[in-house]
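One file, target_29.pdb, is given below (PDB, C-alpha atoms, pLDDT in the B column).
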```
MODEL        1
ATOM      1  CA  MET A   1      65.142  35.343 104.948  1.00 78.00           C
ATOM      2  CA  ILE A   2      65.712  32.904 107.822  1.00 84.00           C
ATOM      3  CA  TRP A   3      65.301  29.979 105.424  1.00 88.00           C
ATOM      4  CA  LEU A   4      68.585  30.996 103.818  1.00 91.00           C
ATOM      5  CA  VAL A   5      70.394  30.331 107.113  1.00 90.00           C
ATOM      6  CA  TYR A   6      68.826  26.885 107.308  1.00 91.00           C
ATOM      7  CA  LEU A   7      69.658  26.224 103.659  1.00 93.00           C
ATOM      8  CA  LEU A   8      73.329  27.153 104.084  1.00 93.00           C
ATOM      9  CA  VAL A   9      73.704  25.113 107.278  1.00 92.00           C
ATOM     10  CA  SER A  10      71.965  22.108 105.684  1.00 93.00           C
ATOM     11  CA  VAL A  11      74.192  22.231 102.609  1.00 94.00           C
ATOM     12  CA  GLY A  12      77.226  22.413 104.888  1.00 94.00           C
ATOM     13  CA  ILE A  13      76.089  19.412 106.912  1.00 94.00           C
ATOM     14  CA  ALA A  14      75.429  17.448 103.718  1.00 94.00           C
ATOM     15  CA  PHE A  15      78.956  18.183 102.488  1.00 94.00           C
ATOM     16  CA  GLN A  16      80.418  17.133 105.820  1.00 94.00           C
ATOM     17  CA  ALA A  17      78.412  13.920 105.768  1.00 94.00           C
ATOM     18  CA  LEU A  18      79.901  13.173 102.345  1.00 93.00           C
ATOM     19  CA  GLY A  19      83.344  13.842 103.788  1.00 92.00           C
ATOM     20  CA  VAL A  20      82.796  11.405 106.649  1.00 92.00           C
ATOM     21  CA  LEU A  21      81.462   8.865 104.133  1.00 92.00           C
ATOM     22  CA  ALA A  22      84.673   9.315 102.149  1.00 90.00           C
ATOM     23  CA  LEU A  23      86.582   8.416 105.298  1.00 89.00           C
ATOM     24  CA  TYR A  24      84.942   4.987 105.218  1.00 91.00           C
ATOM     25  CA  ARG A  25      84.615   4.213 101.517  1.00 90.00           C
ATOM     26  CA  PHE A  26      88.024   5.047 100.095  1.00 90.00           C
ATOM     27  CA  PRO A  27      90.776   2.436  99.916  1.00 88.00           C
ATOM     28  CA  ASP A  28      93.924   4.151 101.212  1.00 88.00           C
ATOM     29  CA  VAL A  29      95.101   7.112 103.232  1.00 89.00           C
ATOM     30  CA  TYR A  30      95.699   9.520 100.349  1.00 91.00           C
ATOM     31  CA  THR A  31      92.252   9.206  98.808  1.00 91.00           C
ATOM     32  CA  ARG A  32      90.710   9.369 102.274  1.00 91.00           C
ATOM     33  CA  LEU A  33      92.689  12.516 102.985  1.00 92.00           C
ATOM     34  CA  HIS A  34      91.580  14.076  99.715  1.00 92.00           C
ATOM     35  CA  GLY A  35      87.881  13.362 100.111  1.00 91.00           C
ATOM     36  CA  THR A  36      87.628  14.022 103.815  1.00 93.00           C
ATOM     37  CA  THR A  37      89.655  17.212 104.133  1.00 92.00           C
ATOM     38  CA  MET A  38      88.160  18.924 101.100  1.00 91.00           C
ATOM     39  CA  CYS A  39      84.563  18.013 101.916  1.00 92.00           C
ATOM     40  CA  THR A  40      84.712  18.873 105.615  1.00 93.00           C
ATOM     41  CA  THR A  41      86.551  22.164 105.043  1.00 93.00           C
ATOM     42  CA  PHE A  42      84.220  23.321 102.299  1.00 92.00           C
ATOM     43  CA  GLY A  43      81.143  22.131 104.184  1.00 92.00           C
ATOM     44  CA  SER A  44      82.149  23.889 107.366  1.00 92.00           C
ATOM     45  CA  MET A  45      82.691  27.080 105.344  1.00 93.00           C
ATOM     46  CA  PHE A  46      79.063  26.803 104.234  1.00 94.00           C
ATOM     47  CA  VAL A  47      78.036  26.378 107.880  1.00 94.00           C
ATOM     48  CA  TYR A  48      80.039  29.447 108.920  1.00 94.00           C
ATOM     49  CA  ALA A  49      78.514  31.463 106.080  1.00 94.00           C
ATOM     50  CA  GLY A  50      75.074  30.533 107.405  1.00 93.00           C
ATOM     51  CA  ILE A  51      76.023  31.537 110.936  1.00 92.00           C
ATOM     52  CA  MET A  52      77.485  34.828 109.697  1.00 92.00           C
ATOM     53  CA  LEU A  53      74.240  35.531 107.868  1.00 92.00           C
ATOM     54  CA  TYR A  54      72.329  34.730 111.059  1.00 90.00           C
ATOM     55  CA  GLY A  55      74.520  37.095 113.057  1.00 89.00           C
ATOM     56  CA  ALA A  56      74.075  39.870 110.504  1.00 90.00           C
ATOM     57  CA  MET A  57      70.297  39.395 110.511  1.00 89.00           C
ATOM     58  CA  ALA A  58      70.133  39.426 114.309  1.00 87.00           C
ATOM     59  CA  MET A  59      72.339  42.519 114.379  1.00 87.00           C
ATOM     60  CA  LEU A  60      70.143  44.392 111.915  1.00 88.00           C
ATOM     61  CA  SER A  61      66.933  43.403 113.694  1.00 85.00           C
ATOM     62  CA  GLY A  62      67.824  45.127 116.944  1.00 80.00           C
ATOM     63  CA  SER A  63      70.380  43.162 118.969  1.00 80.00           C
ATOM     64  CA  PRO A  64      73.755  44.759 118.179  1.00 81.00           C
ATOM     65  CA  GLU A  65      75.729  42.372 120.405  1.00 82.00           C
ATOM     66  CA  TYR A  66      75.442  39.753 117.683  1.00 84.00           C
ATOM     67  CA  ILE A  67      78.231  41.467 115.764  1.00 88.00           C
ATOM     68  CA  ALA A  68      80.564  39.435 118.006  1.00 88.00           C
ATOM     69  CA  LEU A  69      79.065  36.242 116.567  1.00 88.00           C
ATOM     70  CA  LEU A  70      79.526  37.529 113.013  1.00 90.00           C
ATOM     71  CA  VAL A  71      83.144  38.554 113.519  1.00 91.00           C
ATOM     72  CA  ARG A  72      84.089  35.371 115.330  1.00 91.00           C
ATOM     73  CA  ALA A  73      82.406  33.130 112.782  1.00 91.00           C
ATOM     74  CA  PHE A  74      84.423  34.909 110.108  1.00 92.00           C
ATOM     75  CA  MET A  75      87.556  34.435 112.204  1.00 92.00           C
ATOM     76  CA  VAL A  76      86.924  30.697 112.551  1.00 93.00           C
ATOM     77  CA  MET A  77      86.248  30.464 108.811  1.00 92.00           C
ATOM     78  CA  ALA A  78      89.550  32.104 107.906  1.00 93.00           C
ATOM     79  CA  LEU A  79      91.388  30.006 110.502  1.00 92.00           C
ATOM     80  CA  VAL A  80      89.926  26.698 109.318  1.00 92.00           C
ATOM     81  CA  ALA A  81      90.576  27.541 105.657  1.00 92.00           C
ATOM     82  CA  ALA A  82      94.200  28.334 106.446  1.00 92.00           C
ATOM     83  CA  THR A  83      94.994  25.502 108.845  1.00 92.00           C
ATOM     84  CA  ASN A  84      93.212  22.545 107.250  1.00 92.00           C
ATOM     85  CA  SER A  85      95.080  22.832 103.973  1.00 92.00           C
ATOM     86  CA  VAL A  86      98.440  23.060 105.722  1.00 93.00           C
ATOM     87  CA  GLY A  87      97.537  20.212 108.059  1.00 92.00           C
ATOM     88  CA  SER A  88      96.423  17.886 105.276  1.00 92.00           C
ATOM     89  CA  HIS A  89      99.604  18.626 103.343  1.00 92.00           C
ATOM     90  CA  ALA A  90     101.652  17.759 106.428  1.00 92.00           C
ATOM     91  CA  ILE A  91      99.756  14.495 106.916  1.00 92.00           C
ATOM     92  CA  ALA A  92     100.248  13.457 103.292  1.00 91.00           C
ATOM     93  CA  ARG A  93     103.948  14.248 103.429  1.00 90.00           C
ATOM     94  CA  ALA A  94     104.384  12.386 106.700  1.00 90.00           C
ATOM     95  CA  ALA A  95     102.444   9.395 105.363  1.00 89.00           C
ATOM     96  CA  HIS A  96     104.656   9.178 102.295  1.00 88.00           C
ATOM     97  CA  ARG A  97     107.833   9.586 104.278  1.00 86.00           C
ATOM     98  CA  SER A  98     106.812   6.923 106.768  1.00 84.00           C
ATOM     99  CA  GLY A  99     106.432   4.431 103.942  1.00 81.00           C
ATOM    100  CA  VAL A 100     102.678   4.236 103.328  1.00 82.00           C
ATOM    101  CA  VAL A 101     101.985   3.638  99.635  1.00 82.00           C
ATOM    102  CA  PRO A 102      98.662   4.104  97.783  1.00 83.00           C
ATOM    103  CA  ALA A 103      96.526   0.968  97.497  1.00 80.00           C
ATOM    104  CA  LYS A 104      96.953   0.392  93.770  1.00 82.00           C
ATOM    105  CA  ALA A 105     100.359   2.016  93.353  1.00 79.00           C
ATOM    106  CA  VAL A 106     102.509   0.734  90.492  1.00 83.00           C
ATOM    107  CA  VAL A 107     105.427   3.155  90.616  1.00 82.00           C
ATOM    108  CA  ASP A 108     106.551   5.639  93.279  1.00 79.00           C
ATOM    109  CA  MET A 109     108.504   8.336  91.454  1.00 79.00           C
ATOM    110  CA  LEU A 110     108.658  10.598  94.493  1.00 77.00           C
ATOM    111  CA  ARG A 111     110.593   8.015  96.456  1.00 74.00           C
ATOM    112  CA  ASP A 112     112.859   7.210  93.530  1.00 70.00           C
ATOM    113  CA  ARG A 113     113.730  10.865  93.139  1.00 67.00           C
ATOM    114  CA  ARG A 114     114.613  11.449  96.742  1.00 60.00           C
TER     115      ARG A 114
ATOM    116  CA  MET B   1      65.120  37.500 118.559  1.00 53.00           C
ATOM    117  CA  ILE B   2      64.452  34.878 115.932  1.00 59.00           C
ATOM    118  CA  PRO B   3      63.866  31.471 117.567  1.00 55.00           C
ATOM    119  CA  MET B   4      66.589  29.034 116.643  1.00 70.00           C
ATOM    120  CA  GLU B   5      65.403  25.584 117.670  1.00 76.00           C
ATOM    121  CA  GLY B   6      66.240  24.334 114.192  1.00 80.00           C
ATOM    122  CA  LEU B   7      69.911  24.978 114.809  1.00 86.00           C
ATOM    123  CA  MET B   8      69.879  22.439 117.647  1.00 89.00           C
ATOM    124  CA  VAL B   9      69.014  19.781 115.065  1.00 90.00           C
ATOM    125  CA  ALA B  10      72.076  20.933 113.117  1.00 91.00           C
ATOM    126  CA  VAL B  11      74.184  20.632 116.275  1.00 92.00           C
ATOM    127  CA  ALA B  12      72.905  17.088 116.824  1.00 93.00           C
ATOM    128  CA  ALA B  13      73.687  16.124 113.218  1.00 93.00           C
ATOM    129  CA  LEU B  14      77.191  17.589 113.387  1.00 93.00           C
ATOM    130  CA  SER B  15      77.884  15.851 116.696  1.00 93.00           C
ATOM    131  CA  ALA B  16      76.755  12.539 115.230  1.00 94.00           C
ATOM    132  CA  LEU B  17      79.108  13.089 112.284  1.00 92.00           C
ATOM    133  CA  ALA B  18      81.994  13.894 114.625  1.00 92.00           C
ATOM    134  CA  VAL B  19      81.371  10.759 116.659  1.00 93.00           C
ATOM    135  CA  SER B  20      81.109   8.601 113.536  1.00 92.00           C
ATOM    136  CA  CYS B  21      84.695   9.503 112.645  1.00 90.00           C
ATOM    137  CA  LEU B  22      85.727   7.326 115.593  1.00 91.00           C
ATOM    138  CA  GLY B  23      85.150   4.136 113.592  1.00 90.00           C
ATOM    139  CA  ARG B  24      87.941   4.921 111.173  1.00 88.00           C
ATOM    140  CA  MET B  25      90.112   6.024 114.062  1.00 88.00           C
ATOM    141  CA  ALA B  26      89.654   2.653 115.744  1.00 90.00           C
ATOM    142  CA  ARG B  27      89.960   0.562 112.587  1.00 87.00           C
ATOM    143  CA  GLY B  28      92.410   2.512 110.419  1.00 76.00           C
ATOM    144  CA  PRO B  29      95.167   0.189 109.243  1.00 85.00           C
ATOM    145  CA  THR B  30      97.955   2.777 109.420  1.00 86.00           C
ATOM    146  CA  VAL B  31      98.725   5.676 111.733  1.00 88.00           C
ATOM    147  CA  PRO B  32      98.104   8.395 109.063  1.00 89.00           C
ATOM    148  CA  ASP B  33      94.570   7.016 108.668  1.00 91.00           C
ATOM    149  CA  ARG B  34      93.929   7.699 112.325  1.00 91.00           C
ATOM    150  CA  VAL B  35      95.393  11.184 112.011  1.00 91.00           C
ATOM    151  CA  VAL B  36      93.094  11.915 109.062  1.00 92.00           C
ATOM    152  CA  ALA B  37      90.113  10.769 111.123  1.00 92.00           C
ATOM    153  CA  LEU B  38      91.217  12.984 114.033  1.00 92.00           C
ATOM    154  CA  ASP B  39      91.595  15.966 111.729  1.00 92.00           C
ATOM    155  CA  ALA B  40      88.132  15.450 110.234  1.00 92.00           C
ATOM    156  CA  MET B  41      86.666  15.054 113.701  1.00 93.00           C
ATOM    157  CA  GLY B  42      88.253  18.322 114.796  1.00 92.00           C
ATOM    158  CA  THR B  43      86.884  20.219 111.799  1.00 93.00           C
ATOM    159  CA  VAL B  44      83.360  18.878 112.291  1.00 94.00           C
ATOM    160  CA  ALA B  45      83.481  19.550 116.042  1.00 93.00           C
ATOM    161  CA  VAL B  46      84.541  23.172 115.455  1.00 93.00           C
ATOM    162  CA  ALA B  47      81.574  23.638 113.133  1.00 93.00           C
ATOM    163  CA  ALA B  48      79.291  22.077 115.764  1.00 93.00           C
ATOM    164  CA  LEU B  49      80.613  24.473 118.437  1.00 93.00           C
ATOM    165  CA  VAL B  50      80.008  27.525 116.235  1.00 92.00           C
ATOM    166  CA  VAL B  51      76.441  26.421 115.480  1.00 92.00           C
ATOM    167  CA  LEU B  52      75.895  25.739 119.186  1.00 91.00           C
ATOM    168  CA  GLY B  53      77.063  29.262 120.007  1.00 89.00           C
ATOM    169  CA  ALA B  54      74.581  30.682 117.502  1.00 89.00           C
ATOM    170  CA  ALA B  55      71.751  28.504 118.812  1.00 88.00           C
ATOM    171  CA  PHE B  56      72.280  29.567 122.413  1.00 87.00           C
ATOM    172  CA  GLY B  57      73.283  33.148 121.586  1.00 83.00           C
ATOM    173  CA  GLU B  58      76.515  32.744 123.568  1.00 82.00           C
ATOM    174  CA  THR B  59      79.678  33.947 121.842  1.00 84.00           C
ATOM    175  CA  ILE B  60      81.904  32.224 124.407  1.00 88.00           C
ATOM    176  CA  TYR B  61      81.243  28.910 122.632  1.00 88.00           C
ATOM    177  CA  VAL B  62      82.659  30.426 119.471  1.00 89.00           C
ATOM    178  CA  ASP B  63      85.782  31.452 121.400  1.00 91.00           C
ATOM    179  CA  VAL B  64      86.139  27.837 122.483  1.00 92.00           C
ATOM    180  CA  ALA B  65      85.820  26.845 118.815  1.00 91.00           C
ATOM    181  CA  VAL B  66      88.667  29.193 117.838  1.00 92.00           C
ATOM    182  CA  ILE B  67      90.971  27.715 120.465  1.00 93.00           C
ATOM    183  CA  TYR B  68      89.963  24.182 119.542  1.00 93.00           C
ATOM    184  CA  ALA B  69      90.734  24.825 115.873  1.00 92.00           C
ATOM    185  CA  ILE B  70      94.205  26.122 116.745  1.00 93.00           C
ATOM    186  CA  LEU B  71      94.934  23.210 119.095  1.00 93.00           C
ATOM    187  CA  SER B  72      93.696  20.658 116.559  1.00 92.00           C
ATOM    188  CA  PHE B  73      95.994  22.162 113.927  1.00 92.00           C
ATOM    189  CA  VAL B  74      98.974  22.099 116.269  1.00 93.00           C
ATOM    190  CA  SER B  75      98.346  18.482 117.266  1.00 92.00           C
ATOM    191  CA  THR B  76      98.027  17.453 113.613  1.00 92.00           C
ATOM    192  CA  LEU B  77     101.317  19.120 112.757  1.00 92.00           C
ATOM    193  CA  TYR B  78     102.977  17.557 115.775  1.00 91.00           C
ATOM    194  CA  VAL B  79     101.854  14.028 114.940  1.00 90.00           C
ATOM    195  CA  ALA B  80     102.874  14.537 111.290  1.00 89.00           C
ATOM    196  CA  ARG B  81     106.273  15.700 112.418  1.00 89.00           C
ATOM    197  CA  TYR B  82     106.618  12.661 114.652  1.00 89.00           C
ATOM    198  CA  LEU B  83     105.682  10.306 111.819  1.00 86.00           C
ATOM    199  CA  GLU B  84     108.272  11.872 109.542  1.00 83.00           C
ATOM    200  CA  GLY B  85     111.059  11.510 112.048  1.00 78.00           C
ATOM    201  CA  GLU B  86     110.149   7.919 112.847  1.00 55.00           C
ATOM    202  CA  ARG B  87     111.532   6.563 109.587  1.00 49.00           C
TER     203      ARG B  87
ENDMDL
END
```

Take the structure I supplied and represent it as structure tokens, if you would.
Amino acid sequence: MIWLVYLLVSVGIAFQALGVLALYRFPDVYTRLHGTTMCTTFGSMFVYAGIMLYGAMAMLSGSPEYIALLVRAFMVMALVAATNSVGSHAIARAAHRSGVVPAKAVVDMLRDRR
Amino acid sequence: MIPMEGLMVAVAALSALAVSCLGRMARGPTVPDRVVALDAMGTVAVAALVVLGAAFGETIYVDVAVIYAILSFVSTLYVARYLEGER
């Protein structure tokens, strides 16, 4: 069963590596924001799922203090899922308001409408 | 308890990913690029702290991760707010 922990953590790290790659390969701030935030958030949720599984396994196999690890990993997962989406939205809004345009933009209807 | 040396490899990989965000932070042409890199670095570092807490069996590292996630979120919002008002 321990291989499942390693599998979940490895999948999470692979997703996060793709997110960091997106930070380097995309042309402007909006595409970078899209690739990086989604991949790192989803990948870290995989990592937390692996750690929660590890805590549950350790708890069931005779060390009940590991319930703290399980509960806190779940807490971090909920916190990261809630805050990263709000934070990325705030960055995108601030980038548009401070005058950064996408790399191949032809028309900016959001600015025209404001 | 189950031995968890393999998780230290995961911690090393996550730390390397967090450090490699610094390149975009140094090179990013605009300020929002740097903020995106900082945000990604914070997310990856929180994951690294949680895995480190599991590898050492110390829940205090996970507490540090919770606080770091909150502070990273607040700093992102603050910088975004500053960029909006700068116009």

One decimal, Å: what's the distance from CA of Leu52 (chain B) over to CA of Ala81 (chain A), could you say? 20.0 Å

Please enumerate the residues selected by the PyMOL selection byres ((chain A) within 6 of (chain B)) when evaluated against the supplied file, formatted as a PyMOL selection string. chain A and resi 29+44+69+76+90-91+94-95+97-98

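Distance-wise, CA of Tyr66 (chain A) and CA of Gly50 (chain A) end up 13.8 Å apart.
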
Please put the answer as lines of an AutoDock Vina configuration file: centre and edge lengths, in Å with one decimal, of a box along x, y and z that encloses all listed atoms of region 37-53 of chain A plus 4 Å on each side.
```
center_x = 81.9
center_y = 26.4
center_z = 106.0
size_x = 23.4
size_y = 26.3
size_z = 17.8
```

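Put simply, CA of Leu23 (chain A) is 11.4 Å away from CA of Met38 (chain A).
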
Restricting the calculation to all atoms listed in the file, which member of A:Ala92, A:Ala68, A:Cys39, A:Ala14 is positioned closest to Ile51 (chain A)? A:Ala68

Using the chain letters and residue numbers of this document, give as a ChimeraX atom specification the residues selected by the PyMOL selection byres ((chain A and resi 48) around 10). /A:5,8-9,12,42-47,49-54,70,72-78 /B:47,50-51

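Shortest separation to Arg93 (chain A) among A:Trp3, A:Ala58, A:Val71, A:Tyr30 occurs at residue A:Tyr30, atoms counted being only C-alpha atoms.
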
Polymer residues at most 7 Å from Pro102 (chain A), all atoms listed in the file, same-chain spacing of 2 or more positions, as a PyMOL selection string: chain A and resi 28+30+100+104-105

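Of the residues under consideration (B:Val19, B:Val64, B:Leu49, B:Ala26), B:Val19 shows the shortest atom-to-atom contact distance to Val20 (chain A) when counting all atoms listed in the file.
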
Write out as an NGL selection string each polymer residue whose atoms come within 6 Å of Thr36 (chain A), counting only C-alpha atoms; drop sequence neighbours fewer than 3 positions from it. :A and (19 or 22-23 or 32-33 or 39-40)

Your completed region 45-77 of chain B with N, CA and C atoms, as a compact mmCIF listing (two decimals), in the coordinates of the input:
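Below you can see result.txt, which holds the result:
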```txt
# COMPACT_ATOMS: atom_id res chain seq x y z
N ALA B 45 83.81 19.11 114.68
CA ALA B 45 83.48 19.55 116.04
C ALA B 45 83.55 21.07 116.15
N VAL B 46 84.48 21.71 115.45
CA VAL B 46 84.54 23.17 115.46
C VAL B 46 83.27 23.77 114.85
N ALA B 47 82.82 23.16 113.74
CA ALA B 47 81.57 23.64 113.13
C ALA B 47 80.40 23.46 114.09
N ALA B 48 80.37 22.32 114.81
CA ALA B 48 79.29 22.08 115.76
C ALA B 48 79.32 23.11 116.89
N LEU B 49 80.51 23.48 117.35
CA LEU B 49 80.61 24.47 118.44
C LEU B 49 80.13 25.84 117.97
N VAL B 50 80.45 26.22 116.73
CA VAL B 50 80.01 27.52 116.24
C VAL B 50 78.49 27.56 116.12
N VAL B 51 77.90 26.46 115.60
CA VAL B 51 76.44 26.42 115.48
C VAL B 51 75.79 26.42 116.86
N LEU B 52 76.43 25.75 117.82
CA LEU B 52 75.90 25.74 119.19
C LEU B 52 75.92 27.14 119.79
N GLY B 53 77.00 27.89 119.53
CA GLY B 53 77.06 29.26 120.01
C GLY B 53 75.97 30.13 119.41
N ALA B 54 75.66 29.91 118.12
CA ALA B 54 74.58 30.68 117.50
C ALA B 54 73.23 30.27 118.05
N ALA B 55 73.05 28.97 118.34
CA ALA B 55 71.75 28.50 118.81
C ALA B 55 71.46 29.01 120.21
N PHE B 56 72.48 29.09 121.05
CA PHE B 56 72.28 29.57 122.41
C PHE B 56 72.47 31.08 122.54
N GLY B 57 73.01 31.72 121.49
CA GLY B 57 73.28 33.15 121.59
C GLY B 57 74.43 33.48 122.51
N GLU B 58 75.36 32.54 122.68
CA GLU B 58 76.52 32.74 123.57
C GLU B 58 77.78 32.77 122.72
N THR B 59 78.48 33.90 122.69
CA THR B 59 79.68 33.95 121.84
C THR B 59 80.86 33.24 122.48
N ILE B 60 80.75 32.89 123.78
CA ILE B 60 81.90 32.22 124.41
C ILE B 60 82.12 30.85 123.81
N TYR B 61 81.06 30.20 123.29
CA TYR B 61 81.24 28.91 122.63
C TYR B 61 82.07 29.07 121.36
N VAL B 62 81.90 30.21 120.69
CA VAL B 62 82.66 30.43 119.47
C VAL B 62 84.14 30.68 119.81
N ASP B 63 84.39 31.31 120.95
CA ASP B 63 85.78 31.45 121.40
C ASP B 63 86.42 30.09 121.63
N VAL B 64 85.65 29.20 122.27
CA VAL B 64 86.14 27.84 122.48
C VAL B 64 86.44 27.17 121.15
N ALA B 65 85.60 27.43 120.14
CA ALA B 65 85.82 26.84 118.82
C ALA B 65 87.12 27.35 118.20
N VAL B 66 87.42 28.65 118.38
CA VAL B 66 88.67 29.19 117.84
C VAL B 66 89.86 28.48 118.46
N ILE B 67 89.84 28.36 119.78
CA ILE B 67 90.97 27.72 120.46
C ILE B 67 91.08 26.25 120.06
N TYR B 68 89.93 25.59 119.91
CA TYR B 68 89.96 24.18 119.54
C TYR B 68 90.52 23.99 118.14
N ALA B 69 90.19 24.92 117.23
CA ALA B 69 90.73 24.82 115.87
C ALA B 69 92.25 24.97 115.89
N ILE B 70 92.75 25.93 116.67
CA ILE B 70 94.20 26.12 116.74
C ILE B 70 94.88 24.89 117.35
N LEU B 71 94.31 24.36 118.43
CA LEU B 71 94.93 23.21 119.10
C LEU B 71 94.89 21.97 118.20
N SER B 72 93.80 21.80 117.46
CA SER B 72 93.70 20.66 116.56
C SER B 72 94.75 20.74 115.46
N PHE B 73 94.97 21.96 114.95
CA PHE B 73 95.99 22.16 113.93
C PHE B 73 97.38 21.85 114.47
N VAL B 74 97.65 22.34 115.68
CA VAL B 74 98.97 22.10 116.27
C VAL B 74 99.19 20.62 116.51
N SER B 75 98.16 19.91 116.99
CA SER B 75 98.35 18.48 117.27
C SER B 75 98.53 17.71 115.97
N THR B 76 97.83 18.12 114.90
CA THR B 76 98.03 17.45 113.61
C THR B 76 99.45 17.63 113.12
N LEU B 77 99.94 18.87 113.21
CA LEU B 77 101.32 19.12 112.76
C LEU B 77 102.32 18.35 113.59
```
